[in-house]
$ cat target08.cif   # mmCIF, C-alpha atoms and all ligand atoms
data_upload
loop_
_atom_site.label_atom_id
_atom_site.label_comp_id
_atom_site.auth_asym_id
_atom_site.auth_seq_id
_atom_site.Cartn_x
_atom_site.Cartn_y
_atom_site.Cartn_z
CA MET A 1 -100.52 -74.68 98.27
CA ALA A 2 -100.88 -77.37 100.91
CA ASN A 3 -97.99 -79.72 101.38
CA SER A 4 -98.84 -83.36 101.13
CA LYS A 5 -96.81 -86.17 102.62
CA TYR A 6 -95.93 -87.12 99.08
CA GLU A 7 -94.15 -83.86 98.35
CA TYR A 8 -90.77 -85.27 99.32
CA VAL A 9 -90.56 -87.26 96.04
CA ARG A 10 -89.74 -83.98 94.35
CA ASN A 11 -86.27 -84.29 95.87
CA PHE A 12 -85.54 -87.18 93.56
CA GLU A 13 -85.65 -84.90 90.53
CA ARG A 14 -82.28 -83.80 89.18
CA ASP A 15 -81.63 -81.17 86.55
CA GLU A 16 -78.55 -81.04 84.39
CA ILE A 17 -77.83 -77.34 84.05
CA LEU A 18 -75.68 -76.56 81.06
CA LEU A 19 -72.51 -74.59 81.75
CA PRO A 20 -73.13 -70.84 81.50
CA ASN A 21 -71.73 -68.70 78.69
CA THR A 22 -71.15 -71.63 76.33
CA TRP A 23 -72.73 -72.23 72.93
CA ILE A 24 -75.42 -74.88 73.13
CA VAL A 25 -75.95 -77.07 70.08
CA VAL A 26 -78.98 -79.32 70.10
CA ARG A 27 -78.65 -81.89 67.34
CA ILE A 28 -81.59 -83.99 66.33
CA ASP A 29 -81.39 -87.03 64.06
CA GLY A 30 -84.06 -89.19 62.46
CA ARG A 31 -84.40 -92.59 64.12
CA GLY A 32 -83.99 -95.45 61.67
CA PHE A 33 -84.33 -93.21 58.63
CA HIS A 34 -82.62 -95.83 56.51
CA LYS A 35 -85.82 -97.86 56.87
CA PHE A 36 -88.08 -94.81 56.95
CA SER A 37 -86.71 -93.45 53.66
CA ASN A 38 -87.22 -96.82 51.95
CA HIS A 39 -90.74 -97.14 53.29
CA TYR A 40 -91.79 -93.81 51.81
CA ALA A 41 -89.69 -94.35 48.67
CA PHE A 42 -87.39 -91.36 49.10
CA THR A 43 -85.49 -90.63 45.90
CA LYS A 44 -81.84 -91.72 46.11
CA PRO A 45 -79.52 -90.23 47.05
CA ASN A 46 -81.44 -86.99 47.68
CA ASP A 47 -85.16 -86.56 47.96
CA ILE A 48 -86.12 -82.91 47.52
CA ARG A 49 -89.49 -83.42 49.24
CA ALA A 50 -87.82 -84.96 52.28
CA LEU A 51 -85.16 -82.26 52.52
CA ASP A 52 -87.75 -79.50 52.07
CA LEU A 53 -89.76 -81.02 54.87
CA MET A 54 -86.73 -81.10 57.19
CA ASN A 55 -86.08 -77.44 56.31
CA LYS A 56 -89.68 -76.39 56.91
CA ALA A 57 -89.73 -78.13 60.28
CA ALA A 58 -86.40 -76.49 61.18
CA ALA A 59 -87.65 -73.04 60.15
CA HIS A 60 -90.64 -73.62 62.42
CA VAL A 61 -88.31 -74.47 65.31
CA VAL A 62 -86.18 -71.34 64.78
CA THR A 63 -89.29 -69.18 64.41
CA THR A 64 -90.95 -70.41 67.58
CA ILE A 65 -87.79 -70.53 69.71
CA PRO A 66 -86.21 -67.07 69.31
CA GLU A 67 -83.22 -68.04 71.48
CA ILE A 68 -81.99 -70.21 68.61
CA VAL A 69 -79.70 -68.14 66.37
CA LEU A 70 -78.97 -70.74 63.68
CA GLY A 71 -79.94 -74.13 62.33
CA TYR A 72 -77.88 -76.34 60.02
CA GLY A 73 -79.31 -79.45 58.41
CA VAL A 74 -78.22 -82.31 56.22
CA SER A 75 -79.81 -85.70 55.51
CA ASP A 76 -82.01 -86.65 58.50
CA GLU A 77 -80.25 -84.39 60.99
CA TYR A 78 -80.44 -80.78 62.14
CA SER A 79 -78.25 -78.83 64.54
CA PHE A 80 -79.76 -75.89 66.40
CA VAL A 81 -77.49 -73.30 67.97
CA PHE A 82 -78.60 -71.44 71.09
CA HIS A 83 -76.69 -68.23 71.68
CA ARG A 84 -74.22 -68.64 74.52
CA SER A 85 -75.97 -65.89 76.48
CA THR A 86 -79.28 -67.74 76.56
CA ASN A 87 -80.93 -68.52 79.85
CA LEU A 88 -83.92 -70.29 78.37
CA PHE A 89 -85.36 -72.87 80.80
CA GLU A 90 -82.50 -71.91 83.16
CA ARG A 91 -80.34 -73.89 80.67
CA ARG A 92 -81.82 -77.20 81.81
CA ALA A 93 -80.53 -79.75 79.29
CA ALA A 94 -83.50 -82.11 79.34
CA LYS A 95 -85.99 -79.31 78.89
CA LEU A 96 -84.05 -77.70 76.02
CA VAL A 97 -83.47 -80.97 74.15
CA SER A 98 -86.97 -82.37 74.60
CA THR A 99 -88.57 -79.08 73.56
CA VAL A 100 -86.51 -78.88 70.37
CA VAL A 101 -87.11 -82.54 69.49
CA SER A 102 -90.85 -82.44 70.03
CA THR A 103 -91.30 -79.06 68.33
CA PHE A 104 -89.38 -80.37 65.32
CA THR A 105 -91.22 -83.69 65.22
CA ALA A 106 -94.64 -82.08 65.56
CA ALA A 107 -93.86 -79.72 62.68
CA TYR A 108 -92.46 -82.59 60.56
CA VAL A 109 -95.70 -84.53 60.99
CA ALA A 110 -97.99 -81.53 60.53
CA LEU A 111 -96.17 -80.40 57.40
CA TRP A 112 -95.78 -83.88 55.88
CA PRO A 113 -98.84 -83.47 53.57
CA THR A 114 -97.37 -80.25 52.15
CA CYS A 115 -94.38 -82.23 50.84
CA PHE A 116 -95.66 -85.78 50.32
CA THR A 117 -98.96 -85.92 48.48
CA THR A 118 -98.99 -89.27 46.73
CA THR A 119 -100.48 -92.47 48.09
CA GLY A 120 -98.91 -95.90 47.91
CA ASP A 121 -95.38 -94.54 48.09
CA GLY A 122 -92.60 -96.96 48.57
CA GLU A 123 -92.28 -100.49 49.73
CA ASN A 124 -95.44 -100.26 51.76
CA GLU A 125 -97.63 -102.27 49.42
CA GLY A 126 -97.94 -104.90 52.12
CA ASN A 127 -100.11 -102.58 54.15
CA VAL A 128 -103.84 -102.95 54.00
CA GLU A 129 -105.27 -99.66 52.76
CA GLY A 130 -107.09 -97.85 55.49
CA GLU A 131 -105.22 -99.64 58.26
CA GLY A 132 -103.84 -96.70 60.16
CA LYS A 133 -102.80 -94.97 56.97
CA ALA A 134 -104.49 -91.85 55.69
CA LYS A 135 -104.48 -91.15 51.97
CA GLY A 136 -101.02 -89.84 51.18
CA GLY A 137 -100.42 -89.64 54.89
CA LEU A 138 -98.13 -91.25 57.39
CA ASP A 139 -98.37 -94.90 58.29
CA ILE A 140 -98.97 -95.44 62.02
CA ASN A 141 -96.44 -98.30 61.85
CA MET A 142 -93.81 -96.05 60.32
CA LEU A 143 -93.89 -92.68 62.06
CA PRO A 144 -91.01 -90.21 61.97
CA THR A 145 -89.24 -89.97 65.31
CA PHE A 146 -86.06 -88.14 66.24
CA ASP A 147 -83.43 -88.39 68.94
CA GLY A 148 -81.65 -85.37 70.33
CA ARG A 149 -78.63 -84.36 72.35
CA ALA A 150 -77.08 -81.15 73.63
CA VAL A 151 -73.40 -80.43 73.13
CA LEU A 152 -71.57 -77.41 74.55
CA TYR A 153 -68.90 -75.45 72.72
CA PRO A 154 -66.91 -73.08 74.90
CA SER A 155 -65.51 -70.83 72.17
CA TRP A 156 -66.68 -69.27 68.92
CA GLU A 157 -63.90 -71.15 67.14
CA ASN A 158 -65.12 -74.47 68.54
CA LEU A 159 -68.66 -73.71 67.39
CA ARG A 160 -67.46 -72.74 63.92
CA ASP A 161 -65.41 -75.94 63.73
CA TYR A 162 -68.44 -77.98 64.76
CA LEU A 163 -70.56 -76.46 61.98
CA SER A 164 -67.71 -76.84 59.47
CA TRP A 165 -67.42 -80.49 60.46
CA ARG A 166 -71.10 -81.06 59.68
CA GLN A 167 -70.85 -79.23 56.33
CA VAL A 168 -67.72 -81.13 55.28
CA ASP A 169 -69.53 -84.34 56.23
CA CYS A 170 -72.43 -83.27 54.02
CA HIS A 171 -70.06 -82.74 51.08
CA ILE A 172 -68.16 -86.01 51.51
CA ASN A 173 -71.33 -88.10 51.89
CA ASN A 174 -73.09 -86.40 49.01
CA LEU A 175 -70.19 -86.80 46.62
CA TYR A 176 -69.96 -90.48 47.54
CA ASN A 177 -73.72 -91.06 47.26
CA THR A 178 -74.03 -89.16 43.98
CA THR A 179 -71.23 -91.25 42.43
CA PHE A 180 -72.53 -94.49 43.93
CA TRP A 181 -76.05 -94.03 42.56
CA ALA A 182 -74.78 -92.90 39.15
CA LEU A 183 -72.79 -96.14 38.91
CA VAL A 184 -75.86 -98.16 39.94
CA ASN A 185 -78.61 -96.35 38.04
CA GLN A 186 -76.79 -95.20 34.91
CA GLY A 187 -73.78 -97.50 35.02
CA GLY A 188 -75.75 -100.69 35.61
CA MET A 189 -73.60 -101.84 38.52
CA SER A 190 -74.92 -103.78 41.48
CA HIS A 191 -74.67 -102.17 44.92
CA THR A 192 -71.72 -104.40 45.79
CA GLU A 193 -69.94 -103.67 42.51
CA ALA A 194 -70.35 -99.91 42.97
CA GLU A 195 -69.12 -100.16 46.55
CA GLU A 196 -66.06 -102.16 45.48
CA PHE A 197 -65.41 -99.77 42.62
CA LEU A 198 -65.38 -96.76 44.95
CA LYS A 199 -63.15 -98.33 47.59
CA GLY A 200 -60.02 -96.22 48.11
CA THR A 201 -61.10 -93.41 45.81
CA VAL A 202 -60.55 -89.78 46.83
CA SER A 203 -62.76 -86.79 45.98
CA ALA A 204 -60.90 -86.03 42.75
CA ASP A 205 -61.46 -89.62 41.55
CA LYS A 206 -65.20 -89.39 42.18
CA ASN A 207 -65.44 -86.03 40.39
CA GLU A 208 -63.60 -87.61 37.47
CA ILE A 209 -65.85 -90.71 37.40
CA LEU A 210 -68.95 -88.51 37.38
CA TRP A 211 -67.60 -86.34 34.59
CA SER A 212 -65.98 -88.89 32.27
CA ARG A 213 -68.57 -91.67 32.63
CA PHE A 214 -71.80 -89.76 33.08
CA GLY A 215 -71.05 -86.23 31.90
CA VAL A 216 -71.98 -84.93 35.34
CA ASN A 217 -70.18 -81.85 36.66
CA TYR A 218 -70.49 -82.27 40.42
CA ASN A 219 -70.31 -78.51 40.90
CA ASN A 220 -73.60 -78.17 39.03
CA GLU A 221 -75.42 -80.42 41.49
CA ALA A 222 -78.01 -78.61 43.61
CA GLU A 223 -76.55 -76.40 46.34
CA MET A 224 -78.92 -77.96 48.86
CA PHE A 225 -77.38 -81.38 48.20
CA ARG A 226 -73.77 -80.18 48.24
CA LYS A 227 -73.91 -77.66 51.07
CA GLY A 228 -76.87 -78.64 53.22
CA SER A 229 -79.27 -76.02 54.60
CA VAL A 230 -78.78 -73.07 56.93
CA VAL A 231 -81.70 -71.51 58.78
CA PHE A 232 -81.31 -68.07 60.30
CA ARG A 233 -82.93 -64.67 60.75
CA GLU A 234 -82.43 -62.22 57.93
CA TYR A 235 -82.68 -58.52 58.65
CA ALA A 236 -82.82 -55.95 55.92
CA LEU A 237 -79.47 -54.15 55.98
CA GLU A 238 -81.10 -50.80 56.55
CA SER A 239 -83.22 -52.27 59.34
CA PRO A 240 -82.97 -50.26 62.56
CA ALA A 241 -82.84 -53.62 64.34
CA VAL A 242 -79.26 -54.02 63.15
CA ASP A 243 -77.13 -51.39 64.77
CA PRO A 244 -73.60 -51.75 63.36
CA THR A 245 -72.04 -50.17 66.44
CA VAL A 246 -73.41 -53.02 68.53
CA HIS A 247 -71.08 -55.43 66.76
CA LYS A 248 -67.98 -53.25 66.79
CA ASP A 249 -66.45 -54.87 69.86
CA GLU A 250 -66.76 -58.38 68.44
CA LYS A 251 -63.10 -59.17 67.94
CA ASP A 252 -62.19 -62.32 66.03
CA ASP A 253 -60.17 -63.80 68.85
CA GLY A 254 -61.94 -62.40 71.85
CA GLU A 255 -65.14 -63.64 73.39
CA THR A 256 -67.05 -60.53 74.20
CA GLY A 257 -70.72 -59.78 74.21
CA ALA A 258 -73.86 -60.44 76.19
CA SER A 259 -73.17 -61.84 79.64
CA GLY A 260 -69.63 -62.53 78.50
CA THR A 261 -66.70 -60.88 80.16
CA GLY A 262 -68.16 -59.02 83.07
CA GLU A 263 -70.84 -57.37 80.97
CA GLN A 264 -74.18 -56.92 82.68
CA PRO A 265 -76.64 -59.65 81.74
CA LEU A 266 -79.67 -58.35 79.88
CA SER A 267 -82.55 -57.20 82.04
CA LYS A 268 -85.94 -58.84 81.74
CA THR A 269 -87.27 -55.90 79.70
CA GLN A 270 -84.26 -55.91 77.39
CA MET A 271 -84.61 -59.67 76.97
CA GLU A 272 -88.28 -59.31 76.12
CA LYS A 273 -87.50 -56.55 73.62
CA MET A 274 -84.84 -58.68 71.95
CA ARG A 275 -87.24 -61.62 71.78
CA LYS A 276 -89.86 -59.42 70.08
CA THR A 277 -87.36 -58.08 67.53
CA ARG A 278 -86.27 -61.61 66.72
CA GLN A 279 -89.83 -62.79 66.40
CA LYS A 280 -90.49 -60.08 63.83
CA ALA A 281 -87.45 -60.96 61.71
CA LYS A 282 -87.77 -63.18 58.67
CA VAL A 283 -86.51 -66.74 59.13
CA VAL A 284 -84.90 -67.96 55.91
CA VAL A 285 -83.49 -71.23 54.58
CA ARG A 286 -80.33 -70.93 52.46
CA HIS A 287 -77.73 -73.26 51.03
CA LEU A 288 -74.51 -71.41 51.72
CA ASP A 289 -70.90 -72.05 52.61
CA ILE A 290 -70.64 -71.70 56.39
CA ILE A 291 -67.01 -72.83 56.56
CA ARG A 292 -65.48 -69.63 55.19
CA ASP A 293 -65.78 -66.36 57.12
CA GLU A 294 -67.95 -64.54 54.59
CA PHE A 295 -71.28 -65.92 55.80
CA TRP A 296 -70.54 -64.85 59.37
CA VAL A 297 -69.05 -61.46 58.54
CA GLN A 298 -72.18 -60.58 56.59
CA ARG A 299 -74.45 -61.61 59.44
CA PRO A 300 -72.84 -60.36 62.67
CA TRP A 301 -76.08 -60.68 64.64
CA ILE A 302 -75.75 -64.46 64.71
CA ARG A 303 -72.57 -64.30 66.76
CA SER A 304 -73.44 -61.25 68.81
CA GLY A 305 -76.94 -62.40 69.58
CA LYS A 306 -78.07 -58.78 69.13
CA PRO A 307 -80.87 -58.42 68.40
P1 LIG B 1 -80.16 -93.94 63.41
O1 LIG B 1 -79.93 -92.48 63.14
O2 LIG B 1 -78.99 -94.54 64.10
O3 LIG B 1 -81.44 -94.21 64.11
O4 LIG B 1 -80.27 -94.70 61.98
P2 LIG B 1 -80.51 -94.08 60.54
O5 LIG B 1 -80.99 -95.21 59.69
O6 LIG B 1 -81.40 -92.87 60.61
O7 LIG B 1 -79.05 -93.68 60.08
P3 LIG B 1 -78.36 -92.27 59.80
O8 LIG B 1 -79.02 -91.16 60.55
O9 LIG B 1 -76.91 -92.45 60.05
O10 LIG B 1 -78.54 -92.07 58.25
C1 LIG B 1 -79.60 -91.41 57.64
C2 LIG B 1 -80.38 -92.33 56.73
O11 LIG B 1 -81.44 -91.60 56.12
C3 LIG B 1 -79.55 -92.92 55.59
O12 LIG B 1 -79.77 -94.32 55.52
C4 LIG B 1 -80.10 -92.28 54.34
C5 LIG B 1 -81.47 -91.80 54.75
N1 LIG B 1 -81.80 -90.55 54.07
C6 LIG B 1 -81.70 -89.29 54.55
N2 LIG B 1 -82.06 -88.40 53.60
C7 LIG B 1 -82.38 -89.11 52.50
C8 LIG B 1 -82.82 -88.77 51.18
O13 LIG B 1 -83.00 -87.59 50.82
N3 LIG B 1 -83.05 -89.78 50.30
C9 LIG B 1 -82.86 -91.08 50.66
N4 LIG B 1 -83.10 -92.03 49.76
N5 LIG B 1 -82.45 -91.44 51.89
C10 LIG B 1 -82.21 -90.48 52.78
MG MG B 2 -77.26 -92.19 63.56
MG MG B 3 -80.81 -91.13 61.59
MG MG B 4 -78.34 -89.07 60.31
MG MG B 5 -95.96 -78.21 83.03
#

$ encode --input "target08.cif" --output "structure tokens" --more "lines below"
Ligand code: DGT
Ligand code: MG
Ligand code: MG
Ligand code: MG
Ligand code: MG
Amino acid sequence: MANSKYEYVRNFERDEILLPNTWIVVRIDGRGFHKFSNHYAFTKPNDIRALDLMNKAAAHVVTTIPEIVLGYGVSDEYSFVFHRSTNLFERRAAKLVSTVVSTFTAAYVALWPTCFTTTGDGENEGNVEGEGKAKGGLDINMLPTFDGRAVLYPSWENLRDYLSWRQVDCHINNLYNTTFWALVNQGGMSHTEAEEFLKGTVSADKNEILWSRFGVNYNNEAEMFRKGSVVFREYALESPAVDPTVHKDEKDDGETGASGTGEQPLSKTQMEKMRKTRQKAKVVVRHLDIIRDEFWVQRPWIRSGKP
């Protein structure tokens, strides 16, 4: 290729390369979803259609980017975990984040009609029908957009704590919102009254309010609302893809594994083989406890990155 006198401008480009051998979490979050959820009349506090759509978009992201070993979502956010051994896009932060955000957003838009089928949803009566709004579709003036960031976690424990933090957040917010909306919708309180009423209450108080006033046992609320959603690859236990010996050296305290402590990085062929195996696996959405060890013990391939 001929060099032009303009070529030098390339030197202005700078890449942020993410530290090797660290877990990469790309978290995306809906921009202005407070407004967005009102516009499309999301059910309060949880809209099953909206959460299903987030989960479908996330499953698409995990399916099309095999380097992602796990997704965890709640409300308008999703965290995607790249295995620490990944070398995708030479670990360029901007490329990783922008690819995840745009893949997620594209899927969210494309799959919207599979979750939202009614027309005239929400507080969008002011819009002239046919003005940039397809029947039951998205309003050009109110499109879903997401921001994204990459955060690095140097140890398995740090990554686990990050995910636990998100799941605890899900629980705390959902318990609050469930109680708040029960007080408003069934209890006849105004928003301000409900807010005042809940000031200074702890979890046990909210459980008690739900039970004694509204006969609601919080533990019977949908798992998706209480625990959020986990997206990962599921392999049949007898699958040859899961070789139990591969995970034997994964000690709880040690950080061993692919490209870890002096181990040879995977060759191009091995990498390609692993990618193919992952692509063939089934990507599932579950609503499970990811704070306790059980989830991780049962699915060692998430931590080991093999396959
Ligand atoms: P941001 O992220 O700073 O651009 O602003 P927001 O408005 O997206 O704020 P954020 O992300 O802290 O909070 C998420 C908003 O999305 C919150 O106002 C509630 C809303 N939302 C998320 N899921 C649901 C749902 O299932 N039902 C309803 N009614 N609202 C939801
Ligand atoms: Mg925010
Ligand atoms: Mg948001
Ligand atoms: Mg949010
Ligand atoms: Mg290009």

$ closest_residue --input "target08.cif" --among "A:Gly148, A:Gly136, A:Gly305, A:Pro113" --to "ligand MG 4 (chain B)" --atoms "all atoms listed in the file"
A:Gly148

$ closest_residue --input "target08.cif" --among "A:Arg166, A:His287, A:Arg299, A:Arg149" --to "Lys95 in chain A" --atoms "all atoms listed in the file"
A:Arg149

$ residues_near_ligand --input "target08.cif" --ligand "ligand MG 4 (chain B)" --cutoff "6 Å" --atoms "all atoms listed in the file" --output "list in words"
Asp29, Asp76 and Glu77 of chain A

$ residues_near_ligand --input "target08.cif" --ligand "ligand LIG 1 (chain B)" --cutoff "8 Å" --atoms "only C-alpha atoms and all ligand atoms" --output "ChimeraX atom specification"
/A:29-38,41-51,74-77,146-147

$ residues_around --input "target08.cif" --residues "Pro307 in chain A" --least-positions-apart "6" --cutoff "7 Å" --atoms "only C-alpha atoms" --output "list in words"
Ala241, Met274, Thr277, Arg278 and Trp301 of chain A

$ residues_near_point --input "target08.cif" --point "(-91.6, -73.4, 62.5)" --cutoff "10 Å" --atoms "only C-alpha atoms" --output "list of chain:residue names"
A:Asn55, A:Lys56, A:Ala57, A:Ala58, A:Ala59, A:His60, A:Val61, A:Val62, A:Thr63, A:Thr64, A:Ile65, A:Thr103, A:Phe104, A:Ala106, A:Ala107, A:Tyr108, A:Leu111, A:Val283

$ closest_residue --input "target08.cif" --among "A:His191, A:Ala236, A:Phe180, A:Ala93" --to "Phe214 in chain A" --atoms "all atoms listed in the file"
A:Phe180

$ atom_distance --input "target08.cif" --atom1 "CA of Phe82 in chain A" --atom2 "CA of Val25 in chain A"
6.3 Å

$ atom_distance --input "target08.cif" --atom1 "CA of Arg84 in chain A" --atom2 "CA of Trp165 in chain A"
19.6 Å

$ atom_distance --input "target08.cif" --atom1 "CA of Val216 in chain A" --atom2 "CA of Gly228 in chain A"
19.6 Å

$ closest_residue --input "target08.cif" --among "A:Tyr218, A:Asn158, A:Leu96, A:Tyr78" --to "ligand MG 2 (chain B)" --atoms "only C-alpha atoms and all ligand atoms"
A:Tyr78

$ closest_residue --input "target08.cif" --among "A:Ile28, A:Leu183, A:Val9, A:Ile17" --to "ligand MG 2 (chain B)" --atoms "all atoms listed in the file"
A:Ile28

$ residues_around --input "target08.cif" --residues "Tyr176 in chain A" --least-positions-apart "4" --cutoff "9 Å" --atoms "only C-alpha atoms" --output "number ranges by chain"
A: 171-172, 180-181, 198, 203, 206

$ closest_residue --input "target08.cif" --among "A:Met142, A:Leu152, A:Val297, A:Cys115" --to "Phe80 in chain A" --atoms "only C-alpha atoms"
A:Leu152

$ residues_around --input "target08.cif" --residues "Arg92 in chain A" --least-positions-apart "5" --cutoff "9 Å" --atoms "only C-alpha atoms" --output "list of chain:residue names"
A:Asp15, A:Glu16, A:Ile17, A:Leu18, A:Asn87, A:Val97

$ residues_around --input "target08.cif" --residues "Glu67 in chain A" --least-positions-apart "4" --cutoff "8 Å" --atoms "only C-alpha atoms" --output "list in words"
Phe82, His83, Thr86, Leu88 and Arg275 of chain A

$ write_last_selection --input "target08.cif" --atoms "C-alpha atoms" --output "mmCIF file, in the coordinates of the input"
data_model
loop_
_atom_site.group_PDB
_atom_site.id
_atom_site.type_symbol
_atom_site.label_atom_id
_atom_site.label_comp_id
_atom_site.auth_asym_id
_atom_site.auth_seq_id
_atom_site.Cartn_x
_atom_site.Cartn_y
_atom_site.Cartn_z
ATOM 1 C CA PHE A 82 -78.600 -71.440 71.090
ATOM 2 C CA HIS A 83 -76.690 -68.230 71.680
ATOM 3 C CA THR A 86 -79.280 -67.740 76.560
ATOM 4 C CA LEU A 88 -83.920 -70.290 78.370
ATOM 5 C CA ARG A 275 -87.240 -61.620 71.780
#

$ axis_aligned_box --input "target08.cif" --around "range 53-58 of chain A" --padding-each-side "3 Å" --output "lines of an AutoDock Vina configuration file"
center_x = -87.9
center_y = -78.7
center_z = 58.0
size_x = 9.7
size_y = 10.7
size_z = 12.3

$ decode --input "target08.cif" --residues "range 69-93 of chain A" --atoms "N, CA and C atoms" --output "mmCIF file, in the first residue's frame"
data_model
loop_
_atom_site.group_PDB
_atom_site.id
_atom_site.type_symbol
_atom_site.label_atom_id
_atom_site.label_comp_id
_atom_site.auth_asym_id
_atom_site.auth_seq_id
_atom_site.Cartn_x
_atom_site.Cartn_y
_atom_site.Cartn_z
ATOM 1 N N VAL A 69 -17.504 -15.341 29.301
ATOM 2 C CA VAL A 69 -17.834 -16.585 30.007
ATOM 3 C C VAL A 69 -19.097 -16.453 30.851
ATOM 4 N N LEU A 70 -19.541 -15.206 31.111
ATOM 5 C CA LEU A 70 -20.709 -15.024 31.960
ATOM 6 C C LEU A 70 -21.314 -13.630 31.781
ATOM 7 N N GLY A 71 -22.631 -13.573 31.904
ATOM 8 C CA GLY A 71 -23.305 -12.280 31.955
ATOM 9 C C GLY A 71 -24.186 -12.244 33.189
ATOM 10 N N TYR A 72 -24.284 -11.076 33.831
ATOM 11 C CA TYR A 72 -25.214 -10.952 34.961
ATOM 12 C C TYR A 72 -25.991 -9.652 34.813
ATOM 13 N N GLY A 73 -27.316 -9.748 34.848
ATOM 14 C CA GLY A 73 -28.128 -8.567 34.590
ATOM 15 C C GLY A 73 -29.194 -8.307 35.631
ATOM 16 N N VAL A 74 -29.459 -7.038 35.844
ATOM 17 C CA VAL A 74 -30.513 -6.584 36.733
ATOM 18 C C VAL A 74 -30.942 -5.200 36.244
ATOM 19 N N SER A 75 -32.262 -4.934 36.328
ATOM 20 C CA SER A 75 -32.786 -3.631 35.919
ATOM 21 C C SER A 75 -32.332 -3.301 34.491
ATOM 22 N N ASP A 76 -31.721 -2.145 34.278
ATOM 23 C CA ASP A 76 -31.312 -1.762 32.923
ATOM 24 C C ASP A 76 -29.821 -1.975 32.711
ATOM 25 N N GLU A 77 -29.212 -2.850 33.515
ATOM 26 C CA GLU A 77 -27.771 -3.054 33.376
ATOM 27 C C GLU A 77 -27.413 -4.526 33.148
ATOM 28 N N TYR A 78 -26.264 -4.731 32.544
ATOM 29 C CA TYR A 78 -25.722 -6.078 32.355
ATOM 30 C C TYR A 78 -24.213 -6.017 32.478
ATOM 31 N N SER A 79 -23.655 -6.986 33.191
ATOM 32 C CA SER A 79 -22.198 -7.102 33.285
ATOM 33 C C SER A 79 -21.771 -8.324 32.479
ATOM 34 N N PHE A 80 -20.758 -8.152 31.658
ATOM 35 C CA PHE A 80 -20.239 -9.271 30.867
ATOM 36 C C PHE A 80 -18.796 -9.539 31.285
ATOM 37 N N VAL A 81 -18.531 -10.801 31.603
ATOM 38 C CA VAL A 81 -17.204 -11.173 32.089
ATOM 39 C C VAL A 81 -16.405 -11.851 30.975
ATOM 40 N N PHE A 82 -15.272 -11.256 30.627
ATOM 41 C CA PHE A 82 -14.330 -11.900 29.708
ATOM 42 C C PHE A 82 -13.338 -12.689 30.559
ATOM 43 N N HIS A 83 -13.068 -13.914 30.143
ATOM 44 C CA HIS A 83 -12.092 -14.716 30.880
ATOM 45 C C HIS A 83 -10.744 -13.994 30.904
ATOM 46 N N ARG A 84 -10.051 -14.124 32.040
ATOM 47 C CA ARG A 84 -8.802 -13.361 32.186
ATOM 48 C C ARG A 84 -7.752 -13.725 31.138
ATOM 49 N N SER A 85 -7.907 -14.907 30.536
ATOM 50 C CA SER A 85 -6.915 -15.322 29.533
ATOM 51 C C SER A 85 -7.191 -14.726 28.147
ATOM 52 N N THR A 86 -8.305 -14.012 28.011
ATOM 53 C CA THR A 86 -8.675 -13.578 26.663
ATOM 54 C C THR A 86 -7.672 -12.598 26.069
ATOM 55 N N ASN A 87 -7.528 -12.713 24.749
ATOM 56 C CA ASN A 87 -6.683 -11.765 24.037
ATOM 57 C C ASN A 87 -7.477 -11.123 22.908
ATOM 58 N N LEU A 88 -8.782 -11.169 23.059
ATOM 59 C CA LEU A 88 -9.655 -10.616 22.024
ATOM 60 C C LEU A 88 -9.331 -9.132 21.780
ATOM 61 N N PHE A 89 -9.233 -8.753 20.526
ATOM 62 C CA PHE A 89 -8.886 -7.378 20.116
ATOM 63 C C PHE A 89 -7.617 -6.889 20.824
ATOM 64 N N GLU A 90 -6.696 -7.812 21.069
ATOM 65 C CA GLU A 90 -5.445 -7.477 21.792
ATOM 66 C C GLU A 90 -5.756 -6.736 23.095
ATOM 67 N N ARG A 91 -6.942 -7.021 23.663
ATOM 68 C CA ARG A 91 -7.404 -6.419 24.929
ATOM 69 C C ARG A 91 -7.503 -4.902 24.853
ATOM 70 N N ARG A 92 -7.800 -4.391 23.658
ATOM 71 C CA ARG A 92 -8.000 -2.937 23.544
ATOM 72 C C ARG A 92 -9.335 -2.573 24.174
ATOM 73 N N ALA A 93 -9.306 -1.680 25.167
ATOM 74 C CA ALA A 93 -10.501 -1.357 25.949
ATOM 75 C C ALA A 93 -11.623 -0.794 25.076
#
